[in-house]
file data09.txt (compact mmCIF, C-alpha atoms)
# COMPACT_ATOMS: atom_id res chain seq x y z
CA MET R 283 -30.49 -32.43 14.66
CA ARG R 284 -30.19 -33.50 11.05
CA ALA R 285 -32.95 -31.12 10.00
CA ALA R 286 -31.18 -28.31 11.85
CA ALA R 287 -27.93 -29.10 10.07
CA LEU R 288 -29.74 -29.19 6.75
CA GLY R 289 -31.43 -25.90 7.60
CA LEU R 290 -28.05 -24.36 8.39
CA LEU R 291 -26.67 -25.66 5.12
CA VAL R 292 -29.59 -24.14 3.17
CA LEU R 293 -29.13 -20.88 5.06
CA CYS R 294 -25.40 -20.85 4.25
CA ALA R 295 -26.13 -21.55 0.60
CA ALA R 296 -28.70 -18.76 0.53
CA LEU R 297 -26.29 -16.37 2.19
CA SER R 298 -23.46 -17.26 -0.15
CA SER R 299 -25.65 -16.80 -3.21
CA ALA R 300 -26.72 -13.40 -1.85
CA GLN R 301 -23.03 -12.59 -1.36
CA ALA R 302 -22.23 -13.82 -4.87
CA GLN R 303 -24.52 -11.18 -6.32
CA ARG R 304 -22.45 -8.43 -4.74
CA LEU R 305 -18.98 -8.22 -6.21
CA SER R 306 -16.05 -5.99 -5.45
CA GLY R 307 -14.41 -4.11 -8.31
CA PHE R 308 -11.57 -6.58 -7.76
CA ASP R 309 -13.67 -9.38 -9.25
CA PHE R 310 -14.11 -7.48 -12.53
CA MET R 311 -10.37 -6.91 -13.07
CA SER R 312 -7.97 -8.83 -15.27
CA PRO R 313 -5.83 -11.48 -13.55
CA ALA R 314 -2.76 -9.26 -14.07
CA THR R 315 -4.31 -6.31 -12.21
CA GLN R 316 -5.59 -8.65 -9.51
CA ALA R 317 -2.05 -9.97 -9.06
CA LEU R 318 -0.80 -6.41 -8.63
CA GLN R 319 -3.27 -5.83 -5.78
CA LYS R 320 -2.66 -9.18 -4.09
CA ASP R 321 1.13 -8.81 -3.88
CA ASP R 322 2.10 -6.22 -1.25
CA ALA R 323 5.62 -5.91 -2.70
CA GLN R 324 4.21 -4.95 -6.11
CA ASN R 325 1.14 -2.94 -5.12
CA PRO R 326 2.14 0.72 -5.65
CA GLY R 327 -0.46 1.77 -3.06
CA PHE R 328 2.05 0.64 -0.44
CA LEU R 329 4.28 3.59 -1.34
CA TRP R 330 1.54 5.96 -0.16
CA LEU R 331 0.93 3.68 2.82
CA LYS R 332 4.60 3.94 3.78
CA ASP R 333 4.35 7.74 3.60
CA GLY R 334 1.21 7.66 5.76
CA GLN R 335 2.92 5.43 8.29
CA GLN R 336 5.78 7.89 8.68
CA ARG R 337 3.35 10.77 9.12
CA PHE R 338 1.31 8.74 11.60
CA ASP R 339 4.38 7.76 13.61
CA SER R 340 5.55 11.35 13.85
CA SER R 341 2.28 13.17 14.62
CA CYS R 342 -0.51 10.77 15.64
CA GLN R 343 1.12 8.36 18.05
CA ARG R 344 0.59 10.56 21.10
CA CYS R 345 -3.07 9.51 21.06
CA HIS R 346 -3.41 6.56 18.67
CA THR R 347 -1.71 3.24 18.02
CA ALA R 348 -1.99 1.20 14.84
CA ALA R 349 -3.87 -1.47 16.82
CA SER R 350 -6.39 1.08 18.10
CA LEU R 351 -7.23 1.95 14.49
CA ARG R 352 -8.20 -1.58 13.58
CA GLY R 353 -11.75 -1.63 12.24
CA VAL R 354 -12.12 2.16 12.29
CA ALA R 355 -12.27 2.59 8.50
CA ALA R 356 -14.96 -0.10 8.32
CA ARG R 357 -17.26 2.14 10.40
CA TYR R 358 -16.85 5.38 8.44
CA PRO R 359 -18.52 7.73 7.46
CA ALA R 360 -19.83 8.19 11.01
CA MET R 361 -21.73 10.82 12.94
CA ASP R 362 -19.81 13.69 14.47
CA SER R 363 -21.79 14.95 17.48
CA LEU R 364 -20.26 18.42 17.47
CA LEU R 365 -21.00 19.06 13.80
CA GLY R 366 -24.32 17.21 13.92
CA LYS R 367 -23.61 15.56 10.59
CA PRO R 368 -21.70 12.55 9.26
CA VAL R 369 -18.01 12.86 8.46
CA THR R 370 -15.85 10.71 6.21
CA LEU R 371 -12.58 9.16 7.33
CA SER R 372 -10.55 11.88 5.64
CA ALA R 373 -12.73 14.56 7.26
CA ARG R 374 -12.19 12.85 10.62
CA ILE R 375 -8.42 12.96 10.11
CA ASN R 376 -8.72 16.67 9.35
CA LEU R 377 -10.93 17.26 12.41
CA CYS R 378 -8.26 15.55 14.49
CA GLN R 379 -5.75 17.84 12.86
CA THR R 380 -7.65 21.03 13.74
CA ARG R 381 -9.22 20.05 17.09
CA HIS R 382 -6.39 18.13 18.75
CA VAL R 383 -3.14 18.65 16.89
CA LYS R 384 -4.09 22.35 16.51
CA GLY R 385 -2.72 22.42 13.00
CA LYS R 386 -4.10 23.44 9.64
CA PRO R 387 -6.46 21.05 7.86
CA LEU R 388 -4.78 19.04 5.11
CA ALA R 389 -5.87 19.82 1.55
CA PRO R 390 -8.13 17.28 -0.17
CA GLU R 391 -6.14 14.80 -2.31
CA SER R 392 -2.89 16.10 -0.85
CA GLU R 393 -0.14 13.54 -0.41
CA ALA R 394 -0.33 13.95 3.38
CA LEU R 395 -4.07 13.34 3.64
CA LEU R 396 -4.07 10.43 1.17
CA GLY R 397 -1.12 8.86 2.95
CA LEU R 398 -2.73 9.08 6.39
CA GLU R 399 -6.10 7.91 5.13
CA THR R 400 -4.48 4.97 3.34
CA TYR R 401 -2.57 4.03 6.47
CA VAL R 402 -5.63 4.26 8.73
CA ALA R 403 -7.89 2.39 6.27
CA HIS R 404 -5.26 -0.31 5.76
CA GLN R 405 -5.49 -1.21 9.46
CA SER R 406 -8.98 -2.55 8.67
CA ARG R 407 -7.96 -4.60 5.63
CA GLY R 408 -9.91 -7.85 5.55
CA GLN R 409 -12.52 -6.64 8.03
CA PRO R 410 -16.14 -6.40 6.86
CA VAL R 411 -17.64 -2.97 6.26
CA GLN R 412 -19.76 -2.29 9.35
CA PRO R 413 -21.74 0.93 9.08
CA PRO R 414 -22.60 2.31 12.53
CA VAL R 415 -26.10 1.66 13.82
CA ASP R 416 -27.02 5.26 14.49
CA PRO R 417 -30.55 6.57 13.89
CA ARG R 418 -29.16 10.09 13.46
CA LEU R 419 -27.55 8.88 10.21
CA ALA R 420 -30.84 7.84 8.62
CA PRO R 421 -31.72 11.16 6.92
CA PHE R 422 -28.18 11.41 5.48
CA VAL R 423 -28.34 7.84 4.14
CA GLN R 424 -31.65 8.79 2.55
CA GLN R 425 -30.01 11.86 1.00
CA GLY R 426 -27.18 9.69 -0.33
CA ARG R 427 -29.64 7.21 -1.76
CA LYS R 428 -31.50 10.05 -3.49
CA LEU R 429 -28.25 11.36 -4.99
CA TYR R 430 -27.42 7.84 -6.16
CA ASP R 431 -30.78 7.48 -7.94
CA HIS R 432 -30.96 11.03 -9.25
CA ARG R 433 -30.15 11.68 -12.92
CA ILE R 434 -27.56 14.39 -13.49
CA GLY R 435 -25.53 16.02 -16.23
CA GLN R 436 -25.91 16.50 -19.96
CA LEU R 437 -25.92 12.74 -20.42
CA ASP R 438 -28.75 12.54 -17.86
CA PHE R 439 -27.47 9.47 -16.01
CA SER R 440 -27.84 8.43 -12.40
CA CYS R 441 -25.29 6.29 -10.54
CA ALA R 442 -27.90 3.53 -10.33
CA GLN R 443 -28.41 3.34 -14.08
CA CYS R 444 -24.83 2.22 -14.66
CA HIS R 445 -23.81 0.58 -11.40
CA ASP R 446 -27.08 -1.23 -10.58
CA GLN R 447 -28.71 -1.81 -13.96
CA GLN R 448 -25.64 -2.21 -16.20
CA ALA R 449 -23.03 -3.55 -13.79
CA GLY R 450 -20.85 -6.23 -15.35
CA ARG R 451 -21.50 -4.89 -18.85
CA ARG R 452 -19.11 -2.62 -20.71
CA LEU R 453 -18.70 1.09 -21.06
CA ALA R 454 -16.33 1.33 -24.02
CA GLY R 455 -13.37 -0.88 -23.01
CA SER R 456 -14.05 -0.94 -19.27
CA THR R 457 -16.28 -3.23 -17.28
CA ILE R 458 -18.82 -1.33 -15.18
CA PRO R 459 -18.35 -2.42 -11.55
CA GLN R 460 -21.06 -2.51 -8.89
CA ALA R 461 -19.69 0.57 -7.11
CA HIS R 462 -18.79 -0.95 -3.75
CA PRO R 463 -16.11 1.40 -2.39
CA THR R 464 -14.23 -1.18 -0.32
CA GLY R 465 -10.68 -0.42 -1.42
CA TYR R 466 -10.28 3.36 -1.01
CA PRO R 467 -7.96 5.18 -1.04
CA LEU R 468 -6.76 3.06 -3.95
CA TYR R 469 -4.15 3.02 -6.68
CA ARG R 470 -5.74 3.56 -10.08
CA LEU R 471 -3.59 2.67 -13.08
CA GLU R 472 -5.34 5.44 -15.01
CA TRP R 473 -4.27 8.00 -12.39
CA GLN R 474 -0.85 6.40 -11.90
CA GLY R 475 -1.34 7.29 -8.28
CA VAL R 476 -3.50 6.88 -5.19
CA GLY R 477 -6.79 8.74 -4.99
CA SER R 478 -9.83 8.96 -2.73
CA LEU R 479 -13.38 7.80 -3.27
CA GLN R 480 -14.42 11.44 -3.66
CA ARG R 481 -11.99 11.86 -6.52
CA ARG R 482 -13.57 8.81 -8.15
CA LEU R 483 -17.10 10.15 -7.57
CA ARG R 484 -16.20 13.54 -9.04
CA HIS R 485 -14.64 11.75 -12.00
CA CYS R 486 -17.90 9.89 -12.63
CA MET R 487 -19.85 13.15 -12.36
CA SER R 488 -17.73 14.98 -14.90
CA GLY R 489 -17.97 11.81 -17.02
CA VAL R 490 -21.72 12.30 -17.36
CA ARG R 491 -21.00 16.01 -17.91
CA ALA R 492 -22.41 17.21 -14.63
CA GLN R 493 -20.88 19.82 -12.32
CA PRO R 494 -19.09 17.70 -9.68
CA TYR R 495 -19.71 18.46 -6.02
CA ALA R 496 -16.76 19.96 -4.15
CA PHE R 497 -14.38 17.77 -2.14
CA ALA R 498 -15.64 17.20 1.41
CA SER R 499 -19.07 18.62 0.49
CA ASP R 500 -22.15 17.34 2.34
CA GLU R 501 -23.40 15.77 -0.89
CA LEU R 502 -20.29 13.65 -1.50
CA THR R 503 -20.28 12.67 2.18
CA ALA R 504 -23.91 11.54 1.96
CA LEU R 505 -23.16 9.58 -1.21
CA GLU R 506 -20.15 7.95 0.44
CA LEU R 507 -22.30 7.10 3.48
CA TYR R 508 -24.95 5.46 1.31
CA LEU R 509 -22.37 3.49 -0.69
CA MET R 510 -20.76 2.14 2.47
CA GLN R 511 -24.18 1.04 3.81
CA ARG R 512 -24.73 -0.66 0.47
CA ALA R 513 -21.38 -2.44 0.78
CA ALA R 514 -21.99 -3.57 4.38
CA GLY R 515 -20.32 -6.90 5.12
CA MET R 516 -17.85 -6.77 2.22
CA PRO R 517 -14.17 -6.84 3.23
CA ILE R 518 -12.01 -3.69 3.20
CA GLU R 519 -9.18 -3.99 0.62
CA THR R 520 -7.18 -0.77 1.15
CA PRO R 521 -4.94 -0.09 -0.68
CA ALA R 522 -6.71 -1.68 -3.62
CA VAL R 523 -5.59 -1.46 -7.26
CA ARG R 524 -8.05 -0.64 -10.02
CA PRO R 525 -7.53 -0.26 -13.79
CA MET J 260 19.75 15.92 -5.13
CA SER J 261 16.46 14.50 -4.07
CA THR J 262 15.51 11.14 -2.70
CA LEU J 263 12.72 8.73 -3.51
CA ARG J 264 10.24 6.68 -1.59
CA VAL J 265 11.02 3.04 -2.35
CA ILE J 266 10.03 -0.41 -1.16
CA VAL J 267 12.66 -3.14 -1.52
CA THR J 268 11.58 -6.70 -0.86
CA ALA J 269 14.35 -9.25 -0.34
CA PRO J 270 14.87 -12.19 2.01
CA THR J 271 17.00 -11.44 5.08
CA SER J 272 18.54 -14.90 5.00
CA ALA J 273 18.98 -17.68 2.46
CA ARG J 274 21.23 -20.68 1.81
CA VAL J 275 24.54 -20.17 0.02
CA GLY J 276 23.95 -20.64 -3.71
CA GLU J 277 20.21 -20.22 -3.39
CA VAL J 278 18.43 -18.17 -6.06
CA VAL J 279 16.62 -15.35 -4.30
CA GLU J 280 14.14 -12.85 -5.71
CA ILE J 281 14.81 -9.14 -5.23
CA ARG J 282 11.99 -6.69 -5.87
CA ALA J 283 12.19 -2.93 -5.97
CA LEU J 284 9.31 -0.48 -6.25
CA ALA J 285 9.98 3.27 -6.49
CA GLN J 286 7.55 6.16 -6.34
CA HIS J 287 8.15 8.31 -9.39
CA PRO J 288 5.92 10.08 -11.98
CA MET J 289 8.04 9.00 -15.02
CA GLU J 290 6.95 12.09 -16.94
CA THR J 291 7.79 11.50 -20.61
CA GLY J 292 8.43 15.07 -21.72
CA TYR J 293 5.99 14.62 -24.60
CA ARG J 294 2.79 15.53 -22.76
CA ARG J 295 1.19 18.92 -22.31
CA SER J 296 -0.58 20.38 -19.30
CA SER J 297 -4.18 21.58 -19.47
CA GLU J 298 -2.72 25.04 -20.16
CA GLY J 299 -0.90 23.71 -23.21
CA GLU J 300 2.59 23.93 -21.80
CA ILE J 301 4.97 21.04 -22.32
CA LEU J 302 5.47 19.06 -19.12
CA GLN J 303 9.18 18.84 -18.59
CA ARG J 304 10.71 15.42 -18.83
CA ASP J 305 11.21 13.78 -15.45
CA LEU J 306 12.39 10.19 -15.71
CA LEU J 307 14.31 7.70 -13.66
CA ARG J 308 17.09 6.79 -16.06
CA ARG J 309 19.16 4.12 -14.38
CA VAL J 310 18.67 1.49 -11.73
CA GLU J 311 21.69 -0.44 -10.49
CA CYS J 312 21.99 -3.19 -7.98
CA ARG J 313 25.31 -4.07 -6.41
CA PHE J 314 26.12 -6.97 -4.13
CA GLU J 315 29.15 -6.08 -1.99
CA GLY J 316 30.17 -3.55 -4.65
CA GLU J 317 29.84 -5.93 -7.57
CA LEU J 318 27.24 -5.01 -10.21
CA VAL J 319 24.67 -7.81 -10.39
CA PHE J 320 21.76 -6.11 -12.13
CA ALA J 321 21.20 -2.86 -14.01
CA ALA J 322 18.43 -1.36 -16.08
CA ASP J 323 18.13 1.73 -18.27
CA LEU J 324 14.66 3.20 -18.05
CA HIS J 325 13.07 5.32 -20.76
CA ALA J 326 9.88 7.22 -21.52
CA ALA J 327 6.81 4.95 -21.83
CA ILE J 328 7.69 3.05 -18.69
CA ALA J 329 4.74 3.54 -16.35
CA ALA J 330 4.90 5.68 -13.24
CA ASN J 331 6.18 4.04 -10.05
CA PRO J 332 8.43 1.51 -11.82
CA TYR J 333 8.63 -1.95 -10.32
CA LEU J 334 11.61 -4.19 -11.08
CA ALA J 335 12.13 -7.77 -9.97
CA PHE J 336 15.09 -9.98 -10.66
CA HIS J 337 16.83 -13.08 -9.34
CA LEU J 338 20.21 -13.37 -7.74
CA LYS J 339 22.25 -16.45 -6.89
CA LEU J 340 23.51 -15.71 -3.40
CA PRO J 341 27.30 -16.34 -3.24
CA ARG J 342 27.81 -15.44 0.44
CA SER J 343 26.49 -13.12 3.13
CA GLY J 344 26.55 -9.50 2.10
CA THR J 345 24.86 -6.19 1.54
CA LEU J 346 22.78 -5.54 -1.50
CA THR J 347 22.58 -1.89 -2.56
CA ILE J 348 20.08 -0.66 -5.11
CA THR J 349 20.50 2.84 -6.55
CA TRP J 350 18.09 4.89 -8.63
CA ALA J 351 19.26 7.89 -10.63
CA GLY J 352 17.41 10.17 -12.99
CA ASP J 353 16.39 13.62 -14.19
CA ARG J 354 16.21 16.61 -11.84
CA GLY J 355 19.14 15.26 -9.86
CA VAL J 356 17.26 12.32 -8.39
CA ALA J 357 19.59 9.91 -6.64
CA HIS J 358 18.59 7.39 -4.03
CA SER J 359 20.02 4.20 -2.67
CA GLU J 360 18.65 1.53 -0.42
CA SER J 361 20.54 -1.35 1.18
CA VAL J 362 19.48 -4.70 2.53
CA ARG J 363 21.63 -7.19 4.40
CA ILE J 364 21.24 -10.82 3.32
CA THR J 365 22.74 -13.48 5.56
CA ALA J 366 23.84 -16.68 3.85
CA THR J 367 23.51 -19.83 5.94

call {"tool": "encode", "arguments": {"input": "data09.txt", "output": "structure tokens"}}
result
Amino acid sequence: MRAAALGLLVLCAALSSAQAQRLSGFDFMSPATQALQKDDAQNPGFLWLKDGQQRFDSSCQRCHTAASLRGVAARYPAMDSLLGKPVTLSARINLCQTRHVKGKPLAPESEALLGLETYVAHQSRGQPVQPPVDPRLAPFVQQGRKLYDHRIGQLDFSCAQCHDQQAGRRLAGSTIPQAHPTGYPLYRLEWQGVGSLQRRLRHCMSGVRAQPYAFASDELTALELYLMQRAAGMPIETPAVRP
Amino acid sequence: MSTLRVIVTAPTSARVGEVVEIRALAQHPMETGYRRSSEGEILQRDLLRRVECRFEGELVFAADLHAAIAANPYLAFHLKLPRSGTLTITWAGDRGVAHSESVRITAT
């Protein structure tokens, strides 16, 4: 009994130390920016969330309820059987828009799409990222992993070189985070607005002077898929705030 | 005249004489008028200029906003609640922006 309890304690300690090695971007921020994220009345991401809620209430409630969306964002990107490839949460919202609402797809980074995605993702706030167990995803995760490790651009950097090997150190004035995309869409002080993970990825790519992949491209989807697998178990923070 | 998306956080009830915190967040670009676009054209100034808060018509808080205040300005202030009443916050600025939001606070 005692040995079992001790074993459990050791296991917990081991687990928590493994968890301690993985940090959200939140943990690298200044206390002031952390306070901005923690207080819902101050967090500007809630303005986009409010917009998304109004859009959701007017056009999505015939099929969905807020409660039915709980945990959904934690499982995306996920396989779409009709397309035979993984889709991100924003792509899923657009598929819903074209297949069921019979409307036009929303433009990437448009206020409407960001609002809806923020609202849907927010329903999973606090829930651990839980990538779907789907063998069909394996080749796409592999592709994402390859993109993550592959050097690109004039500066010849891969994602891994900064976010795995140099995480926690500084790039000019900013701390390099571990690239766990748990808070998207999020409010970035630099953008003075809410943006998607793909915007962030494209920003990184032009930062190393590479040609960024297009929004909603298979490459960015694969990268997003790999990053979410990498962040499995970490809590969703949407809408997060980042510097 | 265009409206804004705002979030006002205030208690719905408090004791008479209690100091309550009112917080107001507004979605606005706060364009300074000094920046240029990637094409080199000056981005026209677009600022919120004035925020006023009235309790039953009486001015209790006001702020003049200028360039160099970040986008989506957030203001928080305290108010000693004299009695039950309606608090109205108004935002006004360039391009004919005018918006007001009211909250009812019941004094017990």

call {"tool": "closest_residue", "arguments": {"input": "data09.txt", "among": "J:Ile301, J:Leu284, J:Ala269, J:Ala322", "to": "Thr345 in chain J", "atoms": "only C-alpha atoms"}}
result
J:Ala269

call {"tool": "closest_atom_pairs", "arguments": {"input": "data09.txt", "of": "chain J", "to": "chain R", "cutoff": "8 Å", "atoms": "all atoms listed in the file", "output": "CSV"}}
result
residue,atom,partner,partner_atom,distance
J:Arg264,CA,R:Leu329,CA,6.7
J:Val265,CA,R:Leu329,CA,6.8
J:Ile266,CA,R:Leu329,CA,7.0
J:Val267,CA,R:Ala323,CA,7.7
J:Thr268,CA,R:Ala323,CA,6.3
J:Arg282,CA,R:Ala323,CA,7.2
J:Ala283,CA,R:Ala323,CA,7.9
J:Leu284,CA,R:Gln324,CA,6.8
J:Ala285,CA,R:Leu329,CA,7.7
J:Gln286,CA,R:Leu329,CA,6.5
J:Pro288,CA,R:Gln474,CA,7.7
J:Ala329,CA,R:Gln474,CA,7.7
J:Ala330,CA,R:Gln474,CA,5.9
J:Asn331,CA,R:Pro326,CA,6.8
J:Tyr333,CA,R:Gln324,CA,6.8

call {"tool": "atom_distance", "arguments": {"input": "data09.txt", "atom1": "CA of Gln303 in chain R", "atom2": "CA of His462 in chain R"}}
result
12.0 Å

call {"tool": "residues_near_point", "arguments": {"input": "data09.txt", "point": "(21.3, 0.4, -1.5)", "cutoff": "10 Å", "atoms": "only C-alpha atoms", "output": "PyMOL selection string"}}
result
chain J and resi 267+311-314+345-350+358-363

call {"tool": "atom_distance", "arguments": {"input": "data09.txt", "atom1": "CA of Asp431 in chain R", "atom2": "CA of Pro517 in chain R"}}
result
24.6 Å

call {"tool": "residues_around", "arguments": {"input": "data09.txt", "residues": "Pro359 in chain R", "least_positions_apart": "6", "cutoff": "12 Å", "atoms": "only C-alpha atoms", "output": "VMD selection string"}}
result
chain R and resid 367 to 375 403 411 to 416 419 422 to 423 426 463 479 498 500 502 to 511

call {"tool": "write_last_selection", "arguments": {"input": "data09.txt", "atoms": "C-alpha atoms", "output": "mmCIF file, keeping the file's coordinate frame"}}
result
data_model
loop_
_atom_site.group_PDB
_atom_site.id
_atom_site.type_symbol
_atom_site.label_atom_id
_atom_site.label_comp_id
_atom_site.auth_asym_id
_atom_site.auth_seq_id
_atom_site.Cartn_x
_atom_site.Cartn_y
_atom_site.Cartn_z
ATOM 1 C CA LYS R 367 -23.610 15.560 10.590
ATOM 2 C CA PRO R 368 -21.700 12.550 9.260
ATOM 3 C CA VAL R 369 -18.010 12.860 8.460
ATOM 4 C CA THR R 370 -15.850 10.710 6.210
ATOM 5 C CA LEU R 371 -12.580 9.160 7.330
ATOM 6 C CA SER R 372 -10.550 11.880 5.640
ATOM 7 C CA ALA R 373 -12.730 14.560 7.260
ATOM 8 C CA ARG R 374 -12.190 12.850 10.620
ATOM 9 C CA ILE R 375 -8.420 12.960 10.110
ATOM 10 C CA ALA R 403 -7.890 2.390 6.270
ATOM 11 C CA VAL R 411 -17.640 -2.970 6.260
ATOM 12 C CA GLN R 412 -19.760 -2.290 9.350
ATOM 13 C CA PRO R 413 -21.740 0.930 9.080
ATOM 14 C CA PRO R 414 -22.600 2.310 12.530
ATOM 15 C CA VAL R 415 -26.100 1.660 13.820
ATOM 16 C CA ASP R 416 -27.020 5.260 14.490
ATOM 17 C CA LEU R 419 -27.550 8.880 10.210
ATOM 18 C CA PHE R 422 -28.180 11.410 5.480
ATOM 19 C CA VAL R 423 -28.340 7.840 4.140
ATOM 20 C CA GLY R 426 -27.180 9.690 -0.330
ATOM 21 C CA PRO R 463 -16.110 1.400 -2.390
ATOM 22 C CA LEU R 479 -13.380 7.800 -3.270
ATOM 23 C CA ALA R 498 -15.640 17.200 1.410
ATOM 24 C CA ASP R 500 -22.150 17.340 2.340
ATOM 25 C CA LEU R 502 -20.290 13.650 -1.500
ATOM 26 C CA THR R 503 -20.280 12.670 2.180
ATOM 27 C CA ALA R 504 -23.910 11.540 1.960
ATOM 28 C CA LEU R 505 -23.160 9.580 -1.210
ATOM 29 C CA GLU R 506 -20.150 7.950 0.440
ATOM 30 C CA LEU R 507 -22.300 7.100 3.480
ATOM 31 C CA TYR R 508 -24.950 5.460 1.310
ATOM 32 C CA LEU R 509 -22.370 3.490 -0.690
ATOM 33 C CA MET R 510 -20.760 2.140 2.470
ATOM 34 C CA GLN R 511 -24.180 1.040 3.810
#

call {"tool": "atom_distance", "arguments": {"input": "data09.txt", "atom1": "CA of Met311 in chain R", "atom2": "CA of Cys441 in chain R"}}
result
20.1 Å

call {"tool": "closest_residue", "arguments": {"input": "data09.txt", "among": "R:Ile458, R:Ala492, R:Ala356, R:Leu305", "to": "His404 in chain R", "atoms": "all atoms listed in the file"}}
result
R:Ala356

call {"tool": "closest_residue", "arguments": {"input": "data09.txt", "among": "R:Gln319, R:Gln379, R:Tyr401, R:Leu395", "to": "Leu351 in chain R", "atoms": "all atoms listed in the file"}}
result
R:Tyr401

call {"tool": "closest_residue", "arguments": {"input": "data09.txt", "among": "J:Leu306, J:Ala335, J:Leu324, J:Ala366", "to": "Tyr293 in chain J", "atoms": "only C-alpha atoms"}}
result
J:Leu306

call {"tool": "decode", "arguments": {"input": "data09.txt", "residues": "range 282-297 of chain J", "atoms": "N, CA and C atoms", "output": "compact mmCIF listing (two decimals), in the first residue's frame"}}
result
# COMPACT_ATOMS: atom_id res chain seq x y z
N ARG J 282 -14.98 49.41 -15.54
CA ARG J 282 -13.95 49.20 -16.55
C ARG J 282 -14.57 49.22 -17.94
N ALA J 283 -13.90 49.86 -18.85
CA ALA J 283 -14.44 50.01 -20.20
C ALA J 283 -13.35 49.74 -21.22
N LEU J 284 -13.63 48.80 -22.11
CA LEU J 284 -12.70 48.42 -23.17
C LEU J 284 -13.40 48.66 -24.49
N ALA J 285 -12.74 49.38 -25.40
CA ALA J 285 -13.37 49.68 -26.70
C ALA J 285 -12.47 49.21 -27.83
N GLN J 286 -13.08 48.68 -28.87
CA GLN J 286 -12.30 48.21 -30.02
C GLN J 286 -12.11 49.38 -30.99
N HIS J 287 -10.85 49.81 -31.13
CA HIS J 287 -10.58 50.96 -31.97
C HIS J 287 -9.12 50.96 -32.40
N PRO J 288 -8.81 51.29 -33.67
CA PRO J 288 -7.40 51.22 -34.12
C PRO J 288 -6.50 52.31 -33.54
N MET J 289 -7.06 53.46 -33.11
CA MET J 289 -6.27 54.59 -32.60
C MET J 289 -5.11 54.94 -33.55
N GLU J 290 -5.47 55.16 -34.79
CA GLU J 290 -4.46 55.50 -35.82
C GLU J 290 -3.98 56.92 -35.57
N THR J 291 -2.65 57.10 -35.47
CA THR J 291 -2.11 58.38 -35.02
C THR J 291 -2.17 59.49 -36.06
N GLY J 292 -2.15 59.13 -37.35
CA GLY J 292 -2.07 60.15 -38.38
C GLY J 292 -0.64 60.46 -38.77
N TYR J 293 0.32 59.84 -38.09
CA TYR J 293 1.73 60.08 -38.39
C TYR J 293 2.36 58.92 -39.17
N ARG J 294 1.62 57.82 -39.29
CA ARG J 294 2.22 56.64 -39.93
C ARG J 294 1.92 56.63 -41.43
N ARG J 295 2.71 55.85 -42.15
CA ARG J 295 2.48 55.70 -43.58
C ARG J 295 2.17 54.24 -43.89
N SER J 296 1.42 54.03 -44.95
CA SER J 296 1.12 52.67 -45.40
C SER J 296 2.31 52.13 -46.15
N SER J 297 2.25 50.85 -46.54
CA SER J 297 3.37 50.27 -47.28
C SER J 297 3.52 50.94 -48.65
